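Asks: Sharing work-v4.pdb (PDB, C-alpha atoms and all ligand atoms) below.
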```pdb
ATOM      1  CA  MET N   1     -54.612 -74.774   5.216
ATOM      2  CA  ASN N   2     -51.224 -76.389   5.920
ATOM      3  CA  ALA N   3     -50.130 -76.265   9.558
ATOM      4  CA  PRO N   4     -46.644 -74.791  10.101
ATOM      5  CA  ALA N   5     -43.935 -77.331  10.933
ATOM      6  CA  PRO N   6     -43.841 -77.915  14.716
ATOM      7  CA  ALA N   7     -40.884 -76.329  16.526
ATOM      8  CA  PRO N   8     -38.356 -78.702  18.143
ATOM      9  CA  ALA N   9     -39.343 -79.361  21.777
ATOM     10  CA  SER N  10     -36.232 -77.586  23.085
ATOM     11  CA  ASP N  11     -37.321 -74.372  21.330
ATOM     12  CA  ARG N  12     -40.806 -74.301  22.813
ATOM     13  CA  VAL N  13     -41.033 -72.221  25.960
ATOM     14  CA  ILE N  14     -44.828 -72.454  26.114
ATOM     15  CA  GLU N  15     -46.843 -75.492  25.006
ATOM     16  CA  VAL N  16     -50.600 -75.472  25.382
ATOM     17  CA  ARG N  17     -52.491 -78.623  24.394
ATOM     18  CA  GLY N  18     -56.198 -79.351  24.330
ATOM     19  CA  LEU N  19     -56.997 -76.439  26.639
ATOM     20  CA  ARG N  20     -60.561 -76.161  27.874
ATOM     21  CA  ASN N  21     -61.823 -73.283  29.978
ATOM     22  CA  GLN N  22     -65.371 -72.974  31.117
ATOM     23  CA  PHE N  23     -67.208 -70.568  33.426
ATOM     24  CA  GLY N  24     -70.562 -72.104  34.312
ATOM     25  CA  ALA N  25     -72.269 -72.940  31.030
ATOM     26  CA  GLN N  26     -69.949 -70.640  29.054
ATOM     27  CA  VAL N  27     -67.166 -72.507  27.262
ATOM     28  CA  VAL N  28     -64.366 -70.052  26.480
ATOM     29  CA  HIS N  29     -61.720 -72.466  25.130
ATOM     30  CA  ASP N  30     -62.180 -75.947  23.762
ATOM     31  CA  GLY N  31     -59.301 -77.965  22.319
ATOM     32  CA  LEU N  32     -56.979 -74.958  22.160
ATOM     33  CA  ASP N  33     -53.352 -75.664  21.134
ATOM     34  CA  LEU N  34     -50.531 -73.110  21.014
ATOM     35  CA  ASP N  35     -46.725 -73.219  20.936
ATOM     36  CA  ILE N  36     -44.498 -70.233  21.641
ATOM     37  CA  ARG N  37     -40.838 -70.560  20.665
ATOM     38  CA  ARG N  38     -37.852 -69.128  22.462
ATOM     39  CA  GLY N  39     -37.041 -65.540  21.467
ATOM     40  CA  GLU N  40     -40.118 -64.798  19.374
ATOM     41  CA  ILE N  41     -42.727 -62.103  19.830
ATOM     42  CA  VAL N  42     -46.166 -63.601  19.320
ATOM     43  CA  GLY N  43     -49.191 -61.330  19.024
ATOM     44  CA  VAL N  44     -52.433 -62.859  20.293
ATOM     45  CA  VAL N  45     -55.519 -61.377  18.672
ATOM     46  CA  GLY N  46     -59.223 -62.162  18.660
ATOM     47  CA  GLY N  47     -62.566 -60.512  19.122
ATOM     48  CA  SER N  48     -63.555 -59.057  22.462
ATOM     49  CA  GLY N  49     -64.424 -61.920  24.808
ATOM     50  CA  SER N  50     -62.669 -64.556  22.660
ATOM     51  CA  GLY N  51     -60.576 -65.538  25.674
ATOM     52  CA  LYS N  52     -57.187 -63.875  25.201
ATOM     53  CA  SER N  53     -56.804 -62.811  28.831
ATOM     54  CA  VAL N  54     -58.143 -66.147  30.100
ATOM     55  CA  LEU N  55     -55.502 -67.873  27.951
ATOM     56  CA  LEU N  56     -52.766 -65.688  29.464
ATOM     57  CA  ARG N  57     -54.064 -66.384  32.969
ATOM     58  CA  SER N  58     -54.172 -70.121  32.250
ATOM     59  CA  ILE N  59     -50.550 -70.104  31.080
ATOM     60  CA  ILE N  60     -49.231 -68.224  34.096
ATOM     61  CA  GLY N  61     -51.273 -70.302  36.558
ATOM     62  CA  LEU N  62     -53.829 -67.695  37.639
ATOM     63  CA  ASN N  63     -56.662 -69.695  36.127
ATOM     64  CA  ARG N  64     -57.042 -73.451  36.471
ATOM     65  CA  PRO N  65     -58.284 -74.895  33.165
ATOM     66  CA  ALA N  66     -61.053 -77.504  33.093
ATOM     67  CA  ALA N  67     -58.921 -79.741  30.859
ATOM     68  CA  GLY N  68     -55.764 -79.835  28.759
ATOM     69  CA  SER N  69     -52.135 -79.250  29.557
ATOM     70  CA  VAL N  70     -49.883 -76.212  29.848
ATOM     71  CA  ARG N  71     -46.097 -76.489  29.864
ATOM     72  CA  VAL N  72     -44.057 -73.375  30.589
ATOM     73  CA  LEU N  73     -40.257 -73.556  30.306
ATOM     74  CA  GLY N  74     -40.571 -77.344  30.389
ATOM     75  CA  THR N  75     -42.705 -77.478  33.557
ATOM     76  CA  ASP N  76     -46.129 -79.122  33.462
ATOM     77  CA  MET N  77     -48.029 -76.329  35.207
ATOM     78  CA  MET N  78     -51.139 -78.401  35.916
ATOM     79  CA  ASN N  79     -49.197 -81.007  37.875
ATOM     80  CA  ALA N  80     -46.325 -78.913  39.235
ATOM     81  CA  SER N  81     -45.514 -78.692  42.933
ATOM     82  CA  ASP N  82     -45.813 -75.260  44.568
ATOM     83  CA  GLU N  83     -42.029 -75.004  44.473
ATOM     84  CA  GLN N  84     -41.868 -75.759  40.731
ATOM     85  CA  ARG N  85     -44.681 -73.328  40.027
ATOM     86  CA  VAL N  86     -42.946 -70.517  41.935
ATOM     87  CA  ALA N  87     -39.707 -71.241  40.064
ATOM     88  CA  VAL N  88     -41.550 -70.763  36.753
ATOM     89  CA  GLU N  89     -43.343 -67.648  38.030
ATOM     90  CA  ARG N  90     -39.966 -66.121  38.816
ATOM     91  CA  ARG N  91     -38.960 -66.531  35.170
ATOM     92  CA  CYS N  92     -42.141 -64.890  33.847
ATOM     93  CA  GLY N  93     -42.853 -61.157  33.873
ATOM     94  CA  VAL N  94     -46.417 -59.966  33.421
ATOM     95  CA  LEU N  95     -47.772 -56.587  32.426
ATOM     96  CA  PHE N  96     -51.498 -56.703  33.150
ATOM     97  CA  GLN N  97     -54.099 -54.510  31.474
ATOM     98  CA  ASN N  98     -54.015 -51.047  33.103
ATOM     99  CA  GLY N  99     -50.669 -51.788  34.746
ATOM    100  CA  ALA N 100     -52.074 -53.140  38.040
ATOM    101  CA  LEU N 101     -49.512 -51.181  40.064
ATOM    102  CA  PHE N 102     -49.971 -50.834  43.823
ATOM    103  CA  SER N 103     -51.324 -47.297  44.127
ATOM    104  CA  SER N 104     -49.907 -46.686  47.617
ATOM    105  CA  LEU N 105     -46.329 -47.665  46.625
ATOM    106  CA  SER N 106     -43.832 -45.561  44.706
ATOM    107  CA  VAL N 107     -42.729 -46.778  41.289
ATOM    108  CA  ALA N 108     -39.429 -48.023  42.732
ATOM    109  CA  ASP N 109     -41.257 -49.890  45.522
ATOM    110  CA  ASN N 110     -43.597 -51.423  42.947
ATOM    111  CA  VAL N 111     -40.567 -52.656  40.974
ATOM    112  CA  MET N 112     -39.095 -54.096  44.174
ATOM    113  CA  VAL N 113     -42.254 -56.124  44.991
ATOM    114  CA  PRO N 114     -41.198 -59.191  42.946
ATOM    115  CA  MET N 115     -37.626 -58.874  44.266
ATOM    116  CA  ARG N 116     -38.890 -58.989  47.865
ATOM    117  CA  GLU N 117     -41.190 -61.894  46.981
ATOM    118  CA  HIS N 118     -38.568 -64.082  45.340
ATOM    119  CA  HIS N 119     -35.202 -62.986  46.744
ATOM    120  CA  ASP N 120     -33.636 -61.957  49.995
ATOM    121  CA  LEU N 121     -31.505 -58.992  48.933
ATOM    122  CA  PRO N 122     -30.181 -55.981  50.837
ATOM    123  CA  LEU N 123     -32.389 -52.909  50.340
ATOM    124  CA  ALA N 124     -29.604 -50.858  48.712
ATOM    125  CA  LEU N 125     -29.054 -53.561  46.086
ATOM    126  CA  MET N 126     -32.792 -53.803  45.352
ATOM    127  CA  GLN N 127     -32.902 -50.031  44.966
ATOM    128  CA  ARG N 128     -30.036 -50.179  42.461
ATOM    129  CA  PHE N 129     -31.740 -52.952  40.505
ATOM    130  CA  ALA N 130     -35.036 -51.031  40.564
ATOM    131  CA  ALA N 131     -33.327 -47.887  39.242
ATOM    132  CA  LEU N 132     -31.802 -49.967  36.443
ATOM    133  CA  LYS N 133     -35.158 -51.477  35.448
ATOM    134  CA  ILE N 134     -36.825 -48.055  35.587
ATOM    135  CA  ALA N 135     -34.161 -46.742  33.194
ATOM    136  CA  LEU N 136     -34.493 -49.806  30.939
ATOM    137  CA  ALA N 137     -38.227 -49.136  30.723
ATOM    138  CA  GLY N 138     -37.424 -45.651  29.430
ATOM    139  CA  LEU N 139     -38.449 -43.643  32.505
ATOM    140  CA  PRO N 140     -36.427 -40.755  33.942
ATOM    141  CA  PRO N 141     -34.611 -41.443  37.243
ATOM    142  CA  ASP N 142     -36.991 -39.218  39.251
ATOM    143  CA  ALA N 143     -39.953 -41.459  38.257
ATOM    144  CA  GLY N 144     -38.851 -43.994  40.862
ATOM    145  CA  ALA N 145     -39.959 -41.807  43.768
ATOM    146  CA  LYS N 146     -43.368 -41.031  42.282
ATOM    147  CA  LEU N 147     -46.704 -42.668  43.028
ATOM    148  CA  PRO N 148     -48.589 -44.214  40.087
ATOM    149  CA  SER N 149     -51.216 -41.456  40.390
ATOM    150  CA  GLN N 150     -48.497 -38.889  39.591
ATOM    151  CA  LEU N 151     -47.661 -40.532  36.233
ATOM    152  CA  SER N 152     -49.130 -40.129  32.758
ATOM    153  CA  GLY N 153     -50.824 -43.162  31.160
ATOM    154  CA  GLY N 154     -47.728 -43.922  29.098
ATOM    155  CA  MET N 155     -45.483 -43.676  32.145
ATOM    156  CA  VAL N 156     -47.750 -46.051  34.096
ATOM    157  CA  LYS N 157     -47.274 -48.622  31.313
ATOM    158  CA  ARG N 158     -43.513 -48.159  31.489
ATOM    159  CA  ALA N 159     -43.534 -48.451  35.279
ATOM    160  CA  ALA N 160     -45.545 -51.674  34.987
ATOM    161  CA  LEU N 161     -43.057 -52.881  32.394
ATOM    162  CA  ALA N 162     -40.170 -52.074  34.747
ATOM    163  CA  ARG N 163     -41.862 -54.256  37.379
ATOM    164  CA  ALA N 164     -42.495 -57.019  34.813
ATOM    165  CA  ILE N 165     -38.768 -57.178  33.980
ATOM    166  CA  ALA N 166     -37.667 -56.808  37.623
ATOM    167  CA  LEU N 167     -36.400 -60.397  37.833
ATOM    168  CA  ASP N 168     -34.883 -60.599  34.327
ATOM    169  CA  PRO N 169     -37.640 -62.903  33.061
ATOM    170  CA  ASP N 170     -37.312 -65.390  30.216
ATOM    171  CA  ILE N 171     -40.881 -64.748  29.094
ATOM    172  CA  LEU N 172     -42.700 -61.436  29.118
ATOM    173  CA  PHE N 173     -46.521 -61.467  29.027
ATOM    174  CA  LEU N 174     -48.127 -58.231  27.921
ATOM    175  CA  ASP N 175     -51.912 -57.696  28.023
ATOM    176  CA  GLU N 176     -52.801 -54.843  25.672
ATOM    177  CA  PRO N 177     -49.727 -52.760  26.458
ATOM    178  CA  THR N 178     -50.486 -49.955  23.984
ATOM    179  CA  ALA N 179     -54.212 -49.630  24.764
ATOM    180  CA  GLY N 180     -55.014 -46.043  25.702
ATOM    181  CA  LEU N 181     -51.696 -44.644  24.465
ATOM    182  CA  ASP N 182     -51.574 -41.983  21.767
ATOM    183  CA  PRO N 183     -50.077 -43.175  18.437
ATOM    184  CA  ILE N 184     -46.636 -41.690  19.180
ATOM    185  CA  GLY N 185     -46.561 -43.183  22.688
ATOM    186  CA  ALA N 186     -47.734 -46.537  21.308
ATOM    187  CA  ALA N 187     -45.046 -46.539  18.598
ATOM    188  CA  ALA N 188     -42.388 -45.715  21.216
ATOM    189  CA  PHE N 189     -43.652 -48.552  23.417
ATOM    190  CA  ASP N 190     -43.436 -50.971  20.474
ATOM    191  CA  GLN N 191     -39.814 -49.981  19.925
ATOM    192  CA  LEU N 192     -39.111 -50.425  23.629
ATOM    193  CA  ILE N 193     -40.428 -54.006  23.479
ATOM    194  CA  LEU N 194     -38.164 -54.719  20.505
ATOM    195  CA  THR N 195     -35.167 -53.231  22.302
ATOM    196  CA  LEU N 196     -35.856 -55.249  25.457
ATOM    197  CA  ARG N 197     -36.289 -58.446  23.457
ATOM    198  CA  GLU N 198     -32.843 -57.868  21.939
ATOM    199  CA  SER N 199     -31.071 -56.765  25.100
ATOM    200  CA  LEU N 200     -32.668 -59.237  27.543
ATOM    201  CA  GLY N 201     -33.254 -62.137  25.121
ATOM    202  CA  LEU N 202     -36.956 -62.224  25.963
ATOM    203  CA  THR N 203     -39.754 -64.302  24.536
ATOM    204  CA  VAL N 204     -42.892 -62.162  24.347
ATOM    205  CA  PHE N 205     -46.561 -63.223  24.560
ATOM    206  CA  LEU N 206     -48.458 -60.115  23.581
ATOM    207  CA  ILE N 207     -52.229 -59.645  23.643
ATOM    208  CA  THR N 208     -53.197 -56.712  21.489
ATOM    209  CA  HIS N 209     -55.930 -55.091  19.436
ATOM    210  CA  ASP N 210     -53.305 -52.768  17.946
ATOM    211  CA  LEU N 211     -52.702 -53.614  14.300
ATOM    212  CA  ASP N 212     -49.637 -51.387  14.116
ATOM    213  CA  THR N 213     -48.039 -53.325  16.945
ATOM    214  CA  LEU N 214     -48.684 -56.575  15.070
ATOM    215  CA  TYR N 215     -47.066 -55.252  11.904
ATOM    216  CA  THR N 216     -44.185 -53.560  13.675
ATOM    217  CA  ILE N 217     -42.916 -56.071  16.213
ATOM    218  CA  CYS N 218     -44.599 -59.477  16.000
ATOM    219  CA  ASP N 219     -42.844 -62.494  14.490
ATOM    220  CA  ARG N 220     -46.059 -64.496  14.497
ATOM    221  CA  VAL N 221     -49.709 -63.855  15.189
ATOM    222  CA  ALA N 222     -52.084 -66.273  16.919
ATOM    223  CA  VAL N 223     -55.762 -65.730  16.164
ATOM    224  CA  LEU N 224     -58.283 -66.835  18.807
ATOM    225  CA  SER N 225     -61.610 -67.701  17.287
ATOM    226  CA  GLN N 226     -64.241 -70.387  17.782
ATOM    227  CA  LYS N 227     -62.786 -71.236  21.227
ATOM    228  CA  ARG N 228     -59.346 -72.190  19.887
ATOM    229  CA  VAL N 229     -56.292 -70.880  18.081
ATOM    230  CA  LEU N 230     -57.466 -70.772  14.507
ATOM    231  CA  ILE N 231     -54.022 -70.020  13.083
ATOM    232  CA  ALA N 232     -50.639 -69.082  14.551
ATOM    233  CA  ASP N 233     -48.261 -68.018  11.832
ATOM    234  CA  THR N 234     -46.462 -65.139  10.168
ATOM    235  CA  LEU N 235     -48.607 -62.148   9.263
ATOM    236  CA  ASP N 236     -48.519 -62.755   5.524
ATOM    237  CA  LYS N 237     -49.974 -66.231   6.079
ATOM    238  CA  VAL N 238     -52.498 -65.065   8.686
ATOM    239  CA  GLU N 239     -53.718 -62.288   6.360
ATOM    240  CA  ARG N 240     -54.523 -64.961   3.754
ATOM    241  CA  CYS N 241     -56.552 -67.093   6.182
ATOM    242  CA  ASP N 242     -60.086 -67.203   4.787
ATOM    243  CA  ASP N 243     -61.871 -66.952   8.150
ATOM    244  CA  ALA N 244     -64.493 -64.181   8.160
ATOM    245  CA  TRP N 245     -63.214 -62.509  11.361
ATOM    246  CA  VAL N 246     -59.604 -62.568  10.117
ATOM    247  CA  GLN N 247     -60.600 -61.065   6.796
ATOM    248  CA  GLU N 248     -62.607 -58.305   8.441
ATOM    249  CA  TYR N 249     -59.812 -57.574  10.898
ATOM    250  CA  PHE N 250     -56.906 -57.459   8.468
ATOM    251  CA  GLN N 251     -58.640 -56.314   5.290
ATOM    252  CA  GLY N 252     -60.758 -53.585   6.920
ATOM    253  CA  PRO N 253     -59.621 -49.934   6.629
ATOM    254  CA  ARG N 254     -57.503 -50.044   9.800
ATOM    255  CA  GLY N 255     -55.862 -53.314   8.807
ATOM    256  CA  ARG N 256     -54.991 -51.991   5.367
ATOM    257  CA  ALA N 257     -53.628 -48.731   6.844
ATOM    258  CA  ALA N 258     -51.386 -50.671   9.234
ATOM    259  CA  MET N 259     -50.186 -52.927   6.422
ATOM    260  CA  GLN N 260     -49.370 -49.923   4.211
ATOM    261  CA  ALA N 261     -47.532 -48.193   7.063
ATOM    262  CA  SER N 262     -45.491 -51.342   7.583
ATOM    263  CA  GLU N 263     -44.658 -51.506   3.854
ATOM    264  CA  ARG N 264     -43.614 -47.821   3.889
ATOM    265  CA  SER N 265     -41.418 -48.473   6.903
ATOM    266  CA  ALA N 266     -39.797 -51.464   5.183
ATOM    267  CA  ALA N 267     -39.145 -49.291   2.097
ATOM    268  CA  GLN N 268     -37.435 -46.679   4.285
ATOM    269  CA  HIS N 269     -34.958 -49.278   5.430
ATOM    270  CA  VAL N 270     -33.690 -49.759   1.866
ATOM    271  CA  ARG N 271     -33.769 -46.012   1.079
ATOM    272  CA  PRO N 272     -30.305 -44.619   0.163
ATOM    273  CA  SER N 273     -28.799 -42.559   2.982
ATOM    274  CA  GLY N 274     -29.357 -38.816   2.792
ATOM    275  CA  THR N 275     -32.840 -39.066   1.265
ATOM    276  CA  GLU N 276     -35.843 -37.890   3.240
ATOM    277  CA  PRO N 277     -37.845 -40.714   4.879
ATOM    278  CA  ALA N 278     -41.630 -40.773   4.523
ATOM    279  CA  PRO N 279     -43.494 -39.879   7.733
ATOM    280  CA  PRO N 280     -44.286 -42.941   9.868
ATOM    281  CA  GLY N 281     -47.880 -44.112   9.679
ATOM    282  CA  ARG N 282     -49.971 -45.519  12.489
ATOM    283  CA  ALA N 283     -53.631 -46.383  12.366
ATOM    284  CA  ALA N 284     -55.578 -43.995  14.582
ATOM    285  CA  PRO N 285     -56.488 -45.429  17.980
ATOM    286  CA  GLY N 286     -60.064 -46.743  18.135
TER     287      GLY N 286
HETATM  288  N1  LIG M   1     -63.340 -65.351  36.303
HETATM  289  C1  LIG M   1     -64.293 -65.385  35.361
HETATM  290  N2  LIG M   1     -65.558 -65.795  35.671
HETATM  291  C2  LIG M   1     -66.528 -65.856  34.742
HETATM  292  N3  LIG M   1     -66.342 -65.526  33.437
HETATM  293  C3  LIG M   1     -65.125 -65.110  33.076
HETATM  294  C4  LIG M   1     -64.042 -65.024  34.006
HETATM  295  N4  LIG M   1     -62.937 -64.572  33.355
HETATM  296  C5  LIG M   1     -63.322 -64.396  32.076
HETATM  297  N5  LIG M   1     -64.622 -64.711  31.893
HETATM  298  C6  LIG M   1     -65.362 -64.648  30.636
HETATM  299  O1  LIG M   1     -64.591 -65.326  29.668
HETATM  300  C7  LIG M   1     -64.712 -64.670  28.393
HETATM  301  C8  LIG M   1     -63.340 -64.353  27.848
HETATM  302  O2  LIG M   1     -62.756 -63.318  28.637
HETATM  303  P1  LIG M   1     -61.366 -62.657  28.309
HETATM  304  O3  LIG M   1     -61.165 -61.573  29.319
HETATM  305  O4  LIG M   1     -60.335 -63.690  28.196
HETATM  306  O5  LIG M   1     -61.644 -62.039  26.861
HETATM  307  P2  LIG M   1     -60.650 -61.209  25.944
HETATM  308  O6  LIG M   1     -60.540 -61.926  24.648
HETATM  309  O7  LIG M   1     -59.388 -60.939  26.687
HETATM  310  O8  LIG M   1     -61.523 -59.887  25.752
HETATM  311  P3  LIG M   1     -61.094 -58.331  25.568
HETATM  312  O9  LIG M   1     -60.437 -58.235  24.221
HETATM  313  O10 LIG M   1     -62.388 -57.634  25.617
HETATM  314  O11 LIG M   1     -60.166 -57.956  26.723
HETATM  315  C9  LIG M   1     -65.594 -63.440  28.627
HETATM  316  O12 LIG M   1     -66.915 -63.752  28.217
HETATM  317  C10 LIG M   1     -65.526 -63.231  30.116
HETATM  318  O13 LIG M   1     -66.688 -62.636  30.602
END
```
I need this file expressed as structure tokens, please.
Ligand SMILES: Nc1ncnc2c1ncn2[C@@H]1O[C@H](COP(=O)(O)OP(=O)(O)OP(=O)(O)O)[C@@H](O)[C@H]1O
Replies:
Amino acid sequence: MNAPAPAPASDRVIEVRGLRNQFGAQVVHDGLDLDIRRGEIVGVVGGSGSGKSVLLRSIIGLNRPAAGSVRVLGTDMMNASDEQRVAVERRCGVLFQNGALFSSLSVADNVMVPMREHHDLPLALMQRFAALKIALAGLPPDAGAKLPSQLSGGMVKRAALARAIALDPDILFLDEPTAGLDPIGAAAFDQLILTLRESLGLTVFLITHDLDTLYTICDRVAVLSQKRVLIADTLDKVERCDDAWVQEYFQGPRGRAAMQASERSAAQHVRPSGTEPAPPGRAAPG
């Protein structure tokens, strides 16, 4: 398999080299390399327990790797001062699995948490910014006053997204953002990510098990297998990778359904105006 040409250094917003993570005797990553380029949406896939979340945590500094190097926005995270690390953190928004909102704070207060942490702004200004982010995340204005427990699952994801974009990040990290959403909610969330990428110029690191998300919004897909990134490339190249897990994942019934839905969607875009589009397809949630 030919490796894709390396991106110029100035384009790489995340560079992971020789990453090793180990918990006791369990080696999760060994010699893992990954580049993420400015402005792309990269889907990170792999079997359960392959180390996707640990990789995310290693990149954002929540997990200290046993070996290797991680550069984020040009900063060597393993050797950065606290000040440099905080400066990078400010430029990264994270949507954790299940949202991880503070249950005792309203949505607006949750969105203001990173603002309070990193800036010294008047309350009224923070409230205006929070309302803007809540709207950008596709929530109605009255959602700001609600507690997370008063929201539907889809709204919790959007509230967590509003918090993740609170500081206008350069890089958005999403850990299974469409898990638990119904197919229509998941498709809407995918479109929201695309819209935000365009409007905010984001780079997106996206962990997902959702094949439709991969086909709909990802520029490249990185497959975690055998403790490393087996391949990180466009979907058509990844689909042709002859690894057993990749074949089972992409050529199984759900993979084929997602691929066909994506082909139907592409065909709709060249359909002459005035003709009826085919209904959108989305593999049923597992
Ligand atoms: N803090 C920790 N201490 C010990 N083991 C850990 C820790 N964090 C993760 N692990 C282990 O590392 C492995 C990889 O975990 P990780 O959560 O990254 O998997 P994943 O690929 O995200 O899985 P899933 O798709 O199920 O969410 C798992 O075996 C997990 O139990």
Asks: Quick one: contact table of chain N to ligand LIG 1 (chain M), 9 Å max, nearest atom pair and distance in Å to one decimal per residue, counting all atoms listed in the file, chain and number order, as a tab-separated table?
Replies:
```
residue	atom	partner	partner_atom	distance
N:Asn21	CA	M:LIG1	O1	8.4
N:Gln22	CA	M:LIG1	O1	7.8
N:Phe23	CA	M:LIG1	C2	4.9
N:Gly24	CA	M:LIG1	C2	7.4
N:Gln26	CA	M:LIG1	O1	7.6
N:Val27	CA	M:LIG1	O1	8.0
N:Val28	CA	M:LIG1	O1	5.7
N:His29	CA	M:LIG1	C8	8.7
N:Val45	CA	M:LIG1	O6	7.8
N:Gly46	CA	M:LIG1	O6	6.1
N:Gly47	CA	M:LIG1	O9	6.0
N:Ser48	CA	M:LIG1	O10	3.7
N:Gly49	CA	M:LIG1	O5	3.5
N:Ser50	CA	M:LIG1	O6	3.9
N:Gly51	CA	M:LIG1	O4	3.1
N:Lys52	CA	M:LIG1	O6	3.9
N:Ser53	CA	M:LIG1	O4	3.7
N:Val54	CA	M:LIG1	O4	3.8
N:Leu55	CA	M:LIG1	O4	6.4
N:Leu56	CA	M:LIG1	O4	7.9
N:Arg57	CA	M:LIG1	O4	8.3
N:Asn63	CA	M:LIG1	N1	8.0
N:Gln97	CA	M:LIG1	O11	8.4
N:Asp175	CA	M:LIG1	O7	8.3
N:Glu176	CA	M:LIG1	O11	8.1
N:Ile207	CA	M:LIG1	O7	7.9
N:Thr208	CA	M:LIG1	O9	7.9
N:His209	CA	M:LIG1	O9	7.3
N:Leu224	CA	M:LIG1	O6	8.0
```
Asks: Name every residue that the PyMOL selection byres (((chain N and resi 136) around 10) and not hetatm) selects in this structure, writing the answer as a compact mmCIF listing (two decimals) with C-alpha atoms, keeping the file's coordinate frame with chains first and numbers rising.
Replies:
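Output file part14.txt follows:
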```txt
# COMPACT_ATOMS: atom_id res chain seq x y z
CA ALA N 130 -35.04 -51.03 40.56
CA ALA N 131 -33.33 -47.89 39.24
CA LEU N 132 -31.80 -49.97 36.44
CA LYS N 133 -35.16 -51.48 35.45
CA ILE N 134 -36.83 -48.06 35.59
CA ALA N 135 -34.16 -46.74 33.19
CA ALA N 137 -38.23 -49.14 30.72
CA GLY N 138 -37.42 -45.65 29.43
CA LEU N 139 -38.45 -43.64 32.51
CA PRO N 140 -36.43 -40.76 33.94
CA ARG N 158 -43.51 -48.16 31.49
CA LEU N 161 -43.06 -52.88 32.39
CA ALA N 162 -40.17 -52.07 34.75
CA ILE N 165 -38.77 -57.18 33.98
CA LEU N 192 -39.11 -50.42 23.63
CA THR N 195 -35.17 -53.23 22.30
CA LEU N 196 -35.86 -55.25 25.46
CA SER N 199 -31.07 -56.76 25.10
```
Asks: Pick from N:Arg90, N:Arg85, N:Arg20, N:Arg38: nearest to Ala67 of chain N, with only C-alpha atoms counted?
Replies: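 Residue with the minimum atom-to-atom distance to Ala67 of chain N: N:Arg20.
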Asks: Of the residues N:Asp210, N:Ser58, N:Val246, N:Ala124, which is the one nearest to Asp182 of chain N, using all atoms listed in the file?
Replies: N:Asp210
Asks: Which residues are close to Asp243 of chain N, i.e. within 12 Å by only C-alpha atoms, leaving aside same-chain residues fewer than 2 positions away? Reply as a list in words.
Replies: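 Result of the neighbour search: Met1, Gly46, Val223, Leu224, Ser225, Gln226, Leu230, Ile231, Val238, Glu239, Arg240, Cys241, Trp245, Val246, Gln247, Glu248, Tyr249, Phe250 and Gln251 of chain N.
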Asks: For a quick check of understanding, using all atoms listed in the file, which of N:Lys146, N:Arg254, N:Lys237, N:Arg91 has the smallest distance to Phe173 of chain N?
Replies: N:Arg91
Asks: With all atoms listed in the file as the basis for distance, which of N:Pro141, N:Gly154, N:Pro177, N:Gly252 is at the shortest distance from Asp190 of chain N?
Replies: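 Among the listed residues, the smallest separation from Asp190 of chain N belongs to N:Pro177.
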